[in-house]
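Engineer: Structure in structure tokens, see below.
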Amino acid sequence: MATRGSRSEKVKRIFQQFDVNRDSGLNREEMAALVVAVNPRVKFSDEQINAILDEVFRTYSEFIDGEKGLTFDGLLRTYDDGAGDVDRDFDALGLELKPETAAAGVSEEAAASTSIADERVIEPHKNQRTAAWAESPNHGIVFDDTWKLIDDLDILIKRLKSKQAKDGKVKNDNSDMYSDPGWSRELGPSTEFSDKRVFWEESGHDYAVFVKELGVLRSRADGARSREEAFDGHMAIGRVLYDFQLYKEALVSFKRACELQPTDVRPHFRAGNCLYVLGRYGESRGEFLQALEAAEAGGNQWAYLLPQIHVNLGIALEGEGMVLSACEHYREAAILCPTHFRALKLLGSALFGVGEYKAAVKALEEAIFMKNDYADAHCDLASALHAMGDDENAIKEFQKAIDLKPGHVDALYNLGGLYMDMGRYQRASEMYTRVLAVWPNHWKAQLNKAVALLGAGESEEAKKALKEALKMTNRVELHDAVAHLKHLQKKRLKGNGNGSGVEAYITVEPSKFKTVGERTTLRPELASALGIRGFQKITRLNRCDVELIKKQMNENNVPMSYSGSGLPEKSIRKASLEEILRKLLSFLKPETFVGAVKAINQKILSILDESESGRVDLGLFFAVVAPLCGGPPDRRKRVAYDALLWRPVNEGSTQIKKSDAQRYIKLLRALYIPSQGVSEMLEMHGEIDMSLVSLTEFRVMFDDQDWGFGIMSTLLKLEAGDRNRHGRHVCATCRYPIIGSRFKEMKSHFSLCSQCYSEGKVPPTCNQEEYNFKEYASEAEAVKDRCVWFNLHSKTSSPAVPS
């Protein structure tokens, strides 16, 4: 374990450096000098310095000694709370520890002994100081007997480590090569101990012996003279275990401490940290909520810890995919502690995750202003800028992140994506190569490298890269990509999308596309339906049974509020709506759920929350997502009707107002059909129709092809057949295997996929005045059509058999 005093010694050296008048306090002038000195790249204005000092002196008022200013304990507390980075500041000031202050605690020789009593170093306990937390006034050790416990525990851990190291069982994983998720130092292993994650072998005999001996120490803690001393013992044992990354065992100690003092914030906070590291995010959230409740009930006693509880609670929520809810806690942390750069970074990253790019940029720029060498903040700021179309500045920010951390996977990977979007394929390929140098099994980087090489015209290298990607994963999209590459090599197509020379396709105006048969979908209608189907696939709403929405309406007792127009509505905060969505989409993994919430937030919530109040009309939300959920079409319409009926404006009635139905359908069309404008979606012209509409009449309005949501019939067709493959048929323009409907041109006999048909793309060799397409939902339909054709032409000579 690292030296017990090294961290506090560093703080002491910093304190002494700026305590110019040697009065054991840092006044405002001395604190200002410290802030400026440890942030050499930041140009602070007087107003900013004063704001920072006001916050420090207010937050840590209990550590202010009159005119002298902030005491050493107060400065130590600011670092304990994550307001600064001790190691970074110490290095920035060019300070060094004296050799004697960096001495380690228990010797390796002692660890080889078999008796705990024999191994204990015979020195005063407080001179062996375990870590900064051990002497901290609020986190540290209170009773002398607790020191004996942790000395014995230290020996047990060193013995276990020594035995497992001999057997090669202790494994390290260098996590520095991956993005820092912004996790507070409170939640990760102490940087004084190790920068590497340790994986202990828990199934062997040595570990079993360790757990048994640890149980003896816990029994000693339980047998203490008072409840307070037992609590002190279990908390200290938990902290030492946590520092050594023995998280499961640390959790047992913190849970026991929770039992001893249920209203104390610290054991709940620590237990939450352990649970998060162990991947038990739901339980982690529960512990943090208990810590938050205890802290708010405890008054000013726990005020210093409140920002960090909010931060860690937000991170636990993100672990479950609840990003909108996490944003609320990051905001609260930033309000409570305006200098908490980590909270601002996390807020910015979360806002980016739900598609609120402007707000994300603002938060991330604030975080960087406070900590200019924050590589992850630069990376996420770059991603947000790219999403807003500011590619020039995005490249600069990505480069800053890479300069600060050359192995920053996210920055390298996302910069590669940016170069791909710009058509700079060679540079993109270089970025993906650097990702693979750090993370050799990153199959997405390998696949994107292949696509970039293909874009750069290096077909052979692209083929090799694709084969490598196939070795890493057997996903179906890779097989399609290989088939696509083979077709391109055979046809040697050039032009739009594939180098220079002959064009791969030409785009035809919509009027030239004609349909054969009543079942063939019109091109503009298919384009809109494909957009809705794409939204369904991202959100997975089609996998959510529409009956679950009905269930949520029955179970949710939402209080009534009043909109800006004075109309009553059942509105809830976006974070509360996210919780409902989590129940509706409970089958999604957290990372997939985040993508679903982002799409819903950008497409639906941003419109429903036009005033940016952070609240949405729940009934209206249920009504607009019901048509996209799973279930029979009539049932979807019924639930949409019930959702409108559930709103307070129709409360007590068995039918809805016609004006409400008209507004709803306008909103549906504005949200899901691109040709419809959003600005006039709720505008009603002429006299408002206050007559009532039954469910049957509502369905007629809903299905109207011109004024309703008749496109739903095309959407249902896509839902039913978008996994259908058509043998060996490939699209004549994009060259990918056709999945879903196949659109066959009846004169030239070429086939298009749904996407190319909707975009009007045809092969350049088939330039005609008019194109007549017939839609085949499956290959069986095409075979049936050919049989009919044979019967009609069996007695006469005929041209080549259509494919």
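By convention here, the chains of the structure tokens are called A, B, ... in the order presented, each chain's residues are numbered starting at 1, and ligands are numbered starting at 1 in the order presented.
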At a cut-off of 9 Å, using only C-alpha atoms, what residues contact Gly740 (chain A)? Leave out same-chain residues fewer than 6 positions from it and give the result as number ranges by chain.
Structural biologist: A: 718, 720-726, 753-754, 776-778
Engineer: Could you save the residues just selected, with C-alpha atoms, as a CSV table (one decimal), in the first residue's frame?
Structural biologist:
chain,number,residue,atom,x,y,z
A,718,LEU,CA,-42.2,-2.7,-43.5
A,720,ALA,CA,-43.7,-7.5,-41.4
A,721,GLY,CA,-41.1,-7.9,-44.1
A,722,ASP,CA,-37.9,-6.0,-43.3
A,723,ARG,CA,-36.1,-9.2,-42.6
A,724,ASN,CA,-37.0,-10.9,-45.8
A,725,ARG,CA,-34.2,-11.7,-48.1
A,726,HIS,CA,-34.5,-12.4,-51.8
A,753,CYS,CA,-33.8,-2.2,-52.6
A,754,SER,CA,-36.4,-0.1,-50.7
A,776,TYR,CA,-42.3,-8.1,-54.3
A,777,ALA,CA,-42.5,-8.5,-50.5
A,778,SER,CA,-40.9,-11.9,-50.7
Engineer: Out of region 127-375 of chain A, which residues get strand (DSSP E) from DSSP, as a list in words?
Structural biologist: Lys171, Asn172, Asp173, Arg197, Val198 and Phe199 of chain A
Engineer: Output all heavy atoms for every residue in that selection, as a PDB file, in the first residue's frame.
Structural biologist:
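File part-v8.pdb, as written:
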ATOM      1  N   LYS A 171      -3.994 -10.236 -11.432  1.00  0.00           N
ATOM      2  CA  LYS A 171      -3.932  -9.711 -12.799  1.00  0.00           C
ATOM      3  C   LYS A 171      -4.189  -8.217 -12.793  1.00  0.00           C
ATOM      4  O   LYS A 171      -5.043  -7.715 -12.077  1.00  0.00           O
ATOM      5  CB  LYS A 171      -4.986 -10.404 -13.678  1.00  0.00           C
ATOM      6  CG  LYS A 171      -4.759 -11.906 -13.798  1.00  0.00           C
ATOM      7  CD  LYS A 171      -5.885 -12.541 -14.578  1.00  0.00           C
ATOM      8  CE  LYS A 171      -5.735 -14.058 -14.627  1.00  0.00           C
ATOM      9  NZ  LYS A 171      -6.866 -14.700 -15.318  1.00  0.00           N
ATOM     10  N   ASN A 172      -3.446  -7.533 -13.652  1.00  0.00           N
ATOM     11  CA  ASN A 172      -3.637  -6.088 -13.821  1.00  0.00           C
ATOM     12  C   ASN A 172      -4.175  -5.801 -15.204  1.00  0.00           C
ATOM     13  O   ASN A 172      -3.826  -6.468 -16.165  1.00  0.00           O
ATOM     14  CB  ASN A 172      -2.313  -5.350 -13.639  1.00  0.00           C
ATOM     15  CG  ASN A 172      -1.825  -5.389 -12.213  1.00  0.00           C
ATOM     16  OD1 ASN A 172      -2.606  -5.168 -11.310  1.00  0.00           O
ATOM     17  ND2 ASN A 172      -0.564  -5.700 -12.010  1.00  0.00           N
ATOM     18  N   ASP A 173      -4.987  -4.804 -15.291  1.00  0.00           N
ATOM     19  CA  ASP A 173      -5.509  -4.360 -16.580  1.00  0.00           C
ATOM     20  C   ASP A 173      -5.312  -2.859 -16.654  1.00  0.00           C
ATOM     21  O   ASP A 173      -5.907  -2.125 -15.882  1.00  0.00           O
ATOM     22  CB  ASP A 173      -6.999  -4.715 -16.700  1.00  0.00           C
ATOM     23  CG  ASP A 173      -7.593  -4.172 -17.982  1.00  0.00           C
ATOM     24  OD1 ASP A 173      -6.873  -4.075 -18.979  1.00  0.00           O
ATOM     25  OD2 ASP A 173      -8.787  -3.829 -17.956  1.00  0.00           O
ATOM     26  N   ARG A 197      -6.060  -1.480 -12.499  1.00  0.00           N
ATOM     27  CA  ARG A 197      -7.116  -2.265 -11.879  1.00  0.00           C
ATOM     28  C   ARG A 197      -6.551  -3.640 -11.530  1.00  0.00           C
ATOM     29  O   ARG A 197      -5.918  -4.292 -12.355  1.00  0.00           O
ATOM     30  CB  ARG A 197      -8.294  -2.400 -12.852  1.00  0.00           C
ATOM     31  CG  ARG A 197      -9.403  -3.337 -12.377  1.00  0.00           C
ATOM     32  CD  ARG A 197     -10.219  -2.717 -11.270  1.00  0.00           C
ATOM     33  NE  ARG A 197     -11.089  -3.693 -10.663  1.00  0.00           N
ATOM     34  CZ  ARG A 197     -12.356  -3.929 -11.047  1.00  0.00           C
ATOM     35  NH1 ARG A 197     -12.869  -3.260 -12.037  1.00  0.00           N
ATOM     36  NH2 ARG A 197     -13.087  -4.818 -10.420  1.00  0.00           N
ATOM     37  N   VAL A 198      -6.771  -4.070 -10.318  1.00  0.00           N
ATOM     38  CA  VAL A 198      -6.280  -5.369  -9.858  1.00  0.00           C
ATOM     39  C   VAL A 198      -7.430  -6.366  -9.868  1.00  0.00           C
ATOM     40  O   VAL A 198      -8.526  -6.070  -9.406  1.00  0.00           O
ATOM     41  CB  VAL A 198      -5.691  -5.260  -8.434  1.00  0.00           C
ATOM     42  CG1 VAL A 198      -5.286  -6.625  -7.915  1.00  0.00           C
ATOM     43  CG2 VAL A 198      -4.503  -4.320  -8.428  1.00  0.00           C
ATOM     44  N   PHE A 199      -7.183  -7.533 -10.421  1.00  0.00           N
ATOM     45  CA  PHE A 199      -8.187  -8.604 -10.424  1.00  0.00           C
ATOM     46  C   PHE A 199      -7.675  -9.746  -9.549  1.00  0.00           C
ATOM     47  O   PHE A 199      -6.731 -10.436  -9.908  1.00  0.00           O
ATOM     48  CB  PHE A 199      -8.441  -9.089 -11.858  1.00  0.00           C
ATOM     49  CG  PHE A 199      -9.078  -8.047 -12.717  1.00  0.00           C
ATOM     50  CD1 PHE A 199      -8.313  -7.139 -13.426  1.00  0.00           C
ATOM     51  CD2 PHE A 199     -10.462  -7.954 -12.798  1.00  0.00           C
ATOM     52  CE1 PHE A 199      -8.900  -6.169 -14.208  1.00  0.00           C
ATOM     53  CE2 PHE A 199     -11.053  -6.985 -13.582  1.00  0.00           C
ATOM     54  CZ  PHE A 199     -10.262  -6.081 -14.287  1.00  0.00           C
TER      55      PHE A 199
END
Engineer: Using only C-alpha atoms, determine which residues lie at most 9 Å from region 603-619 of chain A, disregarding the query and same-chain residues fewer than 2 positions distant; provide the list as a CSV table (one decimal) with C-alpha atoms, in the first residue's frame.
Structural biologist:
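Writing done, so here's around_37.csv:
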chain,number,residue,atom,x,y,z
A,535,PHE,CA,-36.9,5.6,-35.8
A,553,MET,CA,-51.9,5.1,-17.8
A,558,VAL,CA,-49.9,12.1,-12.4
A,564,GLY,CA,-48.9,28.3,-20.5
A,569,GLU,CA,-52.6,18.8,-18.4
A,570,LYS,CA,-50.8,15.9,-16.8
A,571,SER,CA,-47.2,17.0,-17.3
A,572,ILE,CA,-44.1,15.4,-15.9
A,573,ARG,CA,-40.4,16.2,-16.0
A,574,LYS,CA,-38.3,14.5,-18.7
A,575,ALA,CA,-36.4,12.6,-16.0
A,577,LEU,CA,-40.7,10.3,-18.3
A,598,LYS,CA,-31.7,10.2,-27.4
A,599,ALA,CA,-33.8,9.5,-30.5
A,600,ILE,CA,-37.1,10.1,-28.6
A,601,ASN,CA,-35.7,13.3,-27.0
A,621,PHE,CA,-46.6,11.6,-25.4
A,622,PHE,CA,-48.4,8.3,-25.0
A,623,ALA,CA,-50.7,9.1,-27.9
A,624,VAL,CA,-47.9,9.9,-30.3
A,625,VAL,CA,-45.8,6.8,-29.5
A,640,ALA,CA,-53.8,6.5,-28.8
A,642,ASP,CA,-57.5,6.3,-24.8
A,643,ALA,CA,-54.4,8.4,-24.2
A,644,LEU,CA,-56.1,11.5,-25.6
A,645,LEU,CA,-59.2,10.6,-23.5
A,646,TRP,CA,-56.9,10.3,-20.4
A,647,ARG,CA,-55.8,13.9,-20.7
A,648,PRO,CA,-57.5,16.4,-18.3
A,671,LEU,CA,-43.3,14.5,-36.1
A,672,TYR,CA,-43.1,11.5,-38.5
A,678,VAL,CA,-43.8,21.7,-37.3
Engineer: What separation in Å, quoted to one decimal, exists between CA of Thr59 (chain A) and CA of Gly94 (chain A)?
Structural biologist: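 So the answer is 28.2 Å.
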Engineer: Neighbouring residues of Ser691 (chain A) were defined as those with any atom within 8 Å, considering only C-alpha atoms; residues of the same chain fewer than 2 positions away were excluded. Please report them as a list in words.
Structural biologist: Lys657, Lys658, Ser659, Asp689 and Val693 of chain A
Engineer: Can you write just those residues out, all heavy atoms, as an mmCIF file, in the first residue's frame?
Structural biologist:
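Saved result, out22.cif, follows:
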data_model
loop_
_atom_site.group_PDB
_atom_site.id
_atom_site.type_symbol
_atom_site.label_atom_id
_atom_site.label_comp_id
_atom_site.auth_asym_id
_atom_site.auth_seq_id
_atom_site.Cartn_x
_atom_site.Cartn_y
_atom_site.Cartn_z
ATOM 1 N N LYS A 657 -62.813 15.590 -28.063
ATOM 2 C CA LYS A 657 -63.236 16.697 -28.924
ATOM 3 C C LYS A 657 -62.592 16.530 -30.302
ATOM 4 O O LYS A 657 -61.444 16.110 -30.422
ATOM 5 C CB LYS A 657 -62.810 18.038 -28.325
ATOM 6 C CG LYS A 657 -63.458 18.361 -26.988
ATOM 7 C CD LYS A 657 -63.027 19.764 -26.534
ATOM 8 C CE LYS A 657 -63.604 20.100 -25.165
ATOM 9 N NZ LYS A 657 -62.954 19.333 -24.068
ATOM 10 N N LYS A 658 -63.336 16.900 -31.319
ATOM 11 C CA LYS A 658 -62.819 16.779 -32.687
ATOM 12 C C LYS A 658 -61.586 17.656 -32.877
ATOM 13 O O LYS A 658 -60.645 17.275 -33.580
ATOM 14 C CB LYS A 658 -63.903 17.175 -33.696
ATOM 15 C CG LYS A 658 -63.517 16.875 -35.126
ATOM 16 C CD LYS A 658 -64.672 17.060 -36.095
ATOM 17 C CE LYS A 658 -64.271 16.610 -37.489
ATOM 18 N NZ LYS A 658 -65.400 16.744 -38.456
ATOM 19 N N SER A 659 -61.586 18.825 -32.229
ATOM 20 C CA SER A 659 -60.434 19.728 -32.353
ATOM 21 C C SER A 659 -59.165 19.077 -31.775
ATOM 22 O O SER A 659 -58.070 19.231 -32.322
ATOM 23 C CB SER A 659 -60.712 21.052 -31.635
ATOM 24 O OG SER A 659 -61.012 20.821 -30.260
ATOM 25 N N ASP A 689 -63.863 23.335 -33.871
ATOM 26 C CA ASP A 689 -64.963 22.368 -33.828
ATOM 27 C C ASP A 689 -64.977 21.706 -32.451
ATOM 28 O O ASP A 689 -64.077 20.937 -32.107
ATOM 29 C CB ASP A 689 -64.766 21.332 -34.931
ATOM 30 C CG ASP A 689 -66.015 20.482 -35.138
ATOM 31 O OD1 ASP A 689 -66.836 20.401 -34.209
ATOM 32 O OD2 ASP A 689 -66.150 19.885 -36.224
ATOM 33 N N VAL A 693 -65.914 13.171 -30.913
ATOM 34 C CA VAL A 693 -65.564 12.140 -31.892
ATOM 35 C C VAL A 693 -65.512 10.788 -31.190
ATOM 36 O O VAL A 693 -64.840 10.634 -30.156
ATOM 37 C CB VAL A 693 -64.186 12.446 -32.529
ATOM 38 C CG1 VAL A 693 -63.747 11.314 -33.443
ATOM 39 C CG2 VAL A 693 -64.216 13.753 -33.289
#
Engineer: For Arg220 (chain A), list every protein, DNA or RNA residue within 9 Å, evaluated using only C-alpha atoms, and leave out those in the same chain fewer than 6 positions away; present the list as a list of chain:residue names.
Structural biologist: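 What passes the distance filter is A:Leu149, A:Ala230, A:Gly233.
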Engineer: Tell me, as a list in words, which residues lie within 9 Å of Arg28 (chain A), counting only C-alpha atoms; anything in the same chain fewer than 3 positions away does not count.
Structural biologist: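 My reading of the contact set: Met31, Ala32, Ala33, Asn50, Leu53, Phe57, Gly69 and Leu70 of chain A.
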Engineer: Enter the distance from CA of Tyr419 (chain A) to CA of Phe352 (chain A), in Å, rounded to one decimal.
Structural biologist: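 So the answer is 19.8 Å.
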Engineer: Please, which residues of region 336-464 of chain A, numbered as in this document, come out helix (DSSP H, G or I) from DSSP, as a ChimeraX atom specification?
Structural biologist: /A:336,341-353,357-370,375-387,391-404,409-422,425-438,443-455,459-464
Engineer: Residues within 8 Å of region 705-714 of chain A, please, as a PDB file with all heavy atoms, in the first residue's frame. Count only C-alpha atoms; anything in the same chain fewer than 2 positions from it doesn't count.
Structural biologist:
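Final output, saved to out-v2.pdb:
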ATOM      1  N   THR A 521     -45.870   0.206 -53.480  1.00  0.00           N
ATOM      2  CA  THR A 521     -45.857   1.452 -52.695  1.00  0.00           C
ATOM      3  C   THR A 521     -45.297   2.605 -53.514  1.00  0.00           C
ATOM      4  O   THR A 521     -44.298   2.440 -54.233  1.00  0.00           O
ATOM      5  CB  THR A 521     -44.986   1.273 -51.432  1.00  0.00           C
ATOM      6  OG1 THR A 521     -45.382   0.082 -50.755  1.00  0.00           O
ATOM      7  CG2 THR A 521     -45.117   2.465 -50.505  1.00  0.00           C
ATOM      8  N   GLU A 525     -44.166   7.979 -50.427  1.00  0.00           N
ATOM      9  CA  GLU A 525     -44.767   7.343 -49.254  1.00  0.00           C
ATOM     10  C   GLU A 525     -43.785   6.375 -48.597  1.00  0.00           C
ATOM     11  O   GLU A 525     -43.661   6.317 -47.365  1.00  0.00           O
ATOM     12  CB  GLU A 525     -46.036   6.601 -49.687  1.00  0.00           C
ATOM     13  CG  GLU A 525     -46.869   6.073 -48.534  1.00  0.00           C
ATOM     14  CD  GLU A 525     -48.134   5.384 -49.038  1.00  0.00           C
ATOM     15  OE1 GLU A 525     -48.801   5.943 -49.929  1.00  0.00           O
ATOM     16  OE2 GLU A 525     -48.424   4.286 -48.539  1.00  0.00           O
ATOM     17  N   LEU A 526     -43.044   5.633 -49.429  1.00  0.00           N
ATOM     18  CA  LEU A 526     -42.064   4.685 -48.899  1.00  0.00           C
ATOM     19  C   LEU A 526     -40.928   5.427 -48.195  1.00  0.00           C
ATOM     20  O   LEU A 526     -40.454   4.987 -47.146  1.00  0.00           O
ATOM     21  CB  LEU A 526     -41.503   3.816 -50.022  1.00  0.00           C
ATOM     22  CG  LEU A 526     -40.461   2.778 -49.588  1.00  0.00           C
ATOM     23  CD1 LEU A 526     -41.062   1.779 -48.608  1.00  0.00           C
ATOM     24  CD2 LEU A 526     -39.887   2.043 -50.806  1.00  0.00           C
ATOM     25  N   SER A 528     -41.064   8.233 -46.535  1.00  0.00           N
ATOM     26  CA  SER A 528     -41.527   8.638 -45.200  1.00  0.00           C
ATOM     27  C   SER A 528     -41.626   7.440 -44.268  1.00  0.00           C
ATOM     28  O   SER A 528     -41.211   7.505 -43.103  1.00  0.00           O
ATOM     29  CB  SER A 528     -42.889   9.329 -45.304  1.00  0.00           C
ATOM     30  OG  SER A 528     -42.788  10.532 -46.038  1.00  0.00           O
ATOM     31  N   ALA A 529     -42.162   6.338 -44.777  1.00  0.00           N
ATOM     32  CA  ALA A 529     -42.331   5.137 -43.951  1.00  0.00           C
ATOM     33  C   ALA A 529     -40.978   4.575 -43.521  1.00  0.00           C
ATOM     34  O   ALA A 529     -40.824   4.096 -42.392  1.00  0.00           O
ATOM     35  CB  ALA A 529     -43.129   4.081 -44.706  1.00  0.00           C
ATOM     36  N   PRO A 627     -48.906   4.575 -31.980  1.00  0.00           N
ATOM     37  CA  PRO A 627     -48.943   3.990 -33.331  1.00  0.00           C
ATOM     38  C   PRO A 627     -47.661   3.268 -33.729  1.00  0.00           C
ATOM     39  O   PRO A 627     -47.662   2.456 -34.653  1.00  0.00           O
ATOM     40  CB  PRO A 627     -49.167   5.218 -34.235  1.00  0.00           C
ATOM     41  CG  PRO A 627     -49.786   6.241 -33.353  1.00  0.00           C
ATOM     42  CD  PRO A 627     -49.160   6.025 -32.015  1.00  0.00           C
ATOM     43  N   ILE A 665     -53.563  14.578 -34.844  1.00  0.00           N
ATOM     44  CA  ILE A 665     -53.147  14.034 -36.134  1.00  0.00           C
ATOM     45  C   ILE A 665     -52.163  14.980 -36.825  1.00  0.00           C
ATOM     46  O   ILE A 665     -51.203  14.554 -37.470  1.00  0.00           O
ATOM     47  CB  ILE A 665     -54.386  13.743 -37.018  1.00  0.00           C
ATOM     48  CG1 ILE A 665     -55.128  12.525 -36.442  1.00  0.00           C
ATOM     49  CG2 ILE A 665     -53.991  13.492 -38.461  1.00  0.00           C
ATOM     50  CD1 ILE A 665     -56.475  12.248 -37.041  1.00  0.00           C
ATOM     51  N   LYS A 666     -52.379  16.287 -36.667  1.00  0.00           N
ATOM     52  CA  LYS A 666     -51.413  17.255 -37.209  1.00  0.00           C
ATOM     53  C   LYS A 666     -50.047  17.055 -36.577  1.00  0.00           C
ATOM     54  O   LYS A 666     -49.008  17.120 -37.247  1.00  0.00           O
ATOM     55  CB  LYS A 666     -51.898  18.684 -36.948  1.00  0.00           C
ATOM     56  CG  LYS A 666     -52.758  19.275 -38.042  1.00  0.00           C
ATOM     57  CD  LYS A 666     -52.819  20.781 -37.876  1.00  0.00           C
ATOM     58  CE  LYS A 666     -53.379  21.436 -39.124  1.00  0.00           C
ATOM     59  NZ  LYS A 666     -53.236  22.895 -39.089  1.00  0.00           N
ATOM     60  N   LEU A 668     -48.896  14.254 -35.188  1.00  0.00           N
ATOM     61  CA  LEU A 668     -48.350  12.989 -35.691  1.00  0.00           C
ATOM     62  C   LEU A 668     -47.658  13.192 -37.032  1.00  0.00           C
ATOM     63  O   LEU A 668     -46.537  12.732 -37.255  1.00  0.00           O
ATOM     64  CB  LEU A 668     -49.473  11.975 -35.882  1.00  0.00           C
ATOM     65  CG  LEU A 668     -49.773  10.942 -34.795  1.00  0.00           C
ATOM     66  CD1 LEU A 668     -50.762   9.918 -35.336  1.00  0.00           C
ATOM     67  CD2 LEU A 668     -48.512  10.236 -34.320  1.00  0.00           C
ATOM     68  N   ARG A 669     -48.336  13.885 -37.944  1.00  0.00           N
ATOM     69  CA  ARG A 669     -47.782  14.107 -39.285  1.00  0.00           C
ATOM     70  C   ARG A 669     -46.526  14.984 -39.215  1.00  0.00           C
ATOM     71  O   ARG A 669     -45.545  14.748 -39.923  1.00  0.00           O
ATOM     72  CB  ARG A 669     -48.833  14.750 -40.186  1.00  0.00           C
ATOM     73  CG  ARG A 669     -49.991  13.806 -40.536  1.00  0.00           C
ATOM     74  CD  ARG A 669     -51.106  14.522 -41.276  1.00  0.00           C
ATOM     75  NE  ARG A 669     -50.684  15.026 -42.574  1.00  0.00           N
ATOM     76  CZ  ARG A 669     -50.660  14.319 -43.698  1.00  0.00           C
ATOM     77  NH1 ARG A 669     -51.033  13.041 -43.683  1.00  0.00           N
ATOM     78  NH2 ARG A 669     -50.286  14.853 -44.840  1.00  0.00           N
ATOM     79  N   MET A 701     -60.633   9.237 -39.277  1.00  0.00           N
ATOM     80  CA  MET A 701     -59.757  10.411 -39.380  1.00  0.00           C
ATOM     81  C   MET A 701     -58.290   9.976 -39.424  1.00  0.00           C
ATOM     82  O   MET A 701     -57.495  10.493 -40.212  1.00  0.00           O
ATOM     83  CB  MET A 701     -59.974  11.347 -38.194  1.00  0.00           C
ATOM     84  CG  MET A 701     -61.317  12.030 -38.150  1.00  0.00           C
ATOM     85  SD  MET A 701     -61.552  12.978 -36.613  1.00  0.00           S
ATOM     86  CE  MET A 701     -60.347  14.293 -36.810  1.00  0.00           C
ATOM     87  N   PHE A 702     -57.955   9.006 -38.583  1.00  0.00           N
ATOM     88  CA  PHE A 702     -56.566   8.535 -38.474  1.00  0.00           C
ATOM     89  C   PHE A 702     -56.107   7.910 -39.794  1.00  0.00           C
ATOM     90  O   PHE A 702     -54.980   8.146 -40.247  1.00  0.00           O
ATOM     91  CB  PHE A 702     -56.474   7.504 -37.343  1.00  0.00           C
ATOM     92  CG  PHE A 702     -55.075   7.088 -36.989  1.00  0.00           C
ATOM     93  CD1 PHE A 702     -54.417   7.657 -35.904  1.00  0.00           C
ATOM     94  CD2 PHE A 702     -54.402   6.117 -37.736  1.00  0.00           C
ATOM     95  CE1 PHE A 702     -53.123   7.270 -35.562  1.00  0.00           C
ATOM     96  CE2 PHE A 702     -53.113   5.727 -37.404  1.00  0.00           C
ATOM     97  CZ  PHE A 702     -52.467   6.312 -36.317  1.00  0.00           C
ATOM     98  N   ASP A 703     -56.966   7.112 -40.441  1.00  0.00           N
ATOM     99  CA  ASP A 703     -56.587   6.363 -41.645  1.00  0.00           C
ATOM    100  C   ASP A 703     -56.670   7.167 -42.926  1.00  0.00           C
ATOM    101  O   ASP A 703     -56.266   6.670 -43.995  1.00  0.00           O
ATOM    102  CB  ASP A 703     -57.476   5.114 -41.786  1.00  0.00           C
ATOM    103  CG  ASP A 703     -57.211   4.103 -40.682  1.00  0.00           C
ATOM    104  OD1 ASP A 703     -56.087   4.096 -40.151  1.00  0.00           O
ATOM    105  OD2 ASP A 703     -58.135   3.320 -40.350  1.00  0.00           O
ATOM    106  N   LEU A 716     -46.664  -0.785 -41.502  1.00  0.00           N
ATOM    107  CA  LEU A 716     -46.971  -2.163 -41.099  1.00  0.00           C
ATOM    108  C   LEU A 716     -46.367  -3.170 -42.082  1.00  0.00           C
ATOM    109  O   LEU A 716     -45.889  -4.234 -41.690  1.00  0.00           O
ATOM    110  CB  LEU A 716     -48.484  -2.370 -41.011  1.00  0.00           C
ATOM    111  CG  LEU A 716     -49.209  -1.605 -39.893  1.00  0.00           C
ATOM    112  CD1 LEU A 716     -50.717  -1.653 -40.093  1.00  0.00           C
ATOM    113  CD2 LEU A 716     -48.838  -2.173 -38.530  1.00  0.00           C
ATOM    114  N   LYS A 717     -46.380  -2.804 -43.369  1.00  0.00           N
ATOM    115  CA  LYS A 717     -45.791  -3.664 -44.392  1.00  0.00           C
ATOM    116  C   LYS A 717     -44.283  -3.797 -44.172  1.00  0.00           C
ATOM    117  O   LYS A 717     -43.708  -4.885 -44.282  1.00  0.00           O
ATOM    118  CB  LYS A 717     -46.069  -3.079 -45.783  1.00  0.00           C
ATOM    119  CG  LYS A 717     -45.741  -4.041 -46.931  1.00  0.00           C
ATOM    120  CD  LYS A 717     -45.751  -3.344 -48.276  1.00  0.00           C
ATOM    121  CE  LYS A 717     -47.141  -2.872 -48.656  1.00  0.00           C
ATOM    122  NZ  LYS A 717     -47.154  -2.329 -50.055  1.00  0.00           N
ATOM    123  N   LEU A 718     -43.633  -2.670 -43.825  1.00  0.00           N
ATOM    124  CA  LEU A 718     -42.195  -2.692 -43.549  1.00  0.00           C
ATOM    125  C   LEU A 718     -41.894  -3.516 -42.310  1.00  0.00           C
ATOM    126  O   LEU A 718     -40.928  -4.274 -42.264  1.00  0.00           O
ATOM    127  CB  LEU A 718     -41.659  -1.262 -43.362  1.00  0.00           C
ATOM    128  CG  LEU A 718     -41.594  -0.373 -44.602  1.00  0.00           C
ATOM    129  CD1 LEU A 718     -41.138   1.029 -44.215  1.00  0.00           C
ATOM    130  CD2 LEU A 718     -40.633  -0.951 -45.630  1.00  0.00           C
TER     131      LEU A 718
END
Engineer: Which one is closest to Thr515 (chain A): A:Met746, A:Leu160, A:Ala83, A:Cys379? Count only C-alpha atoms.
Structural biologist: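 The answer is A:Met746, which sits nearest to Thr515 (chain A).
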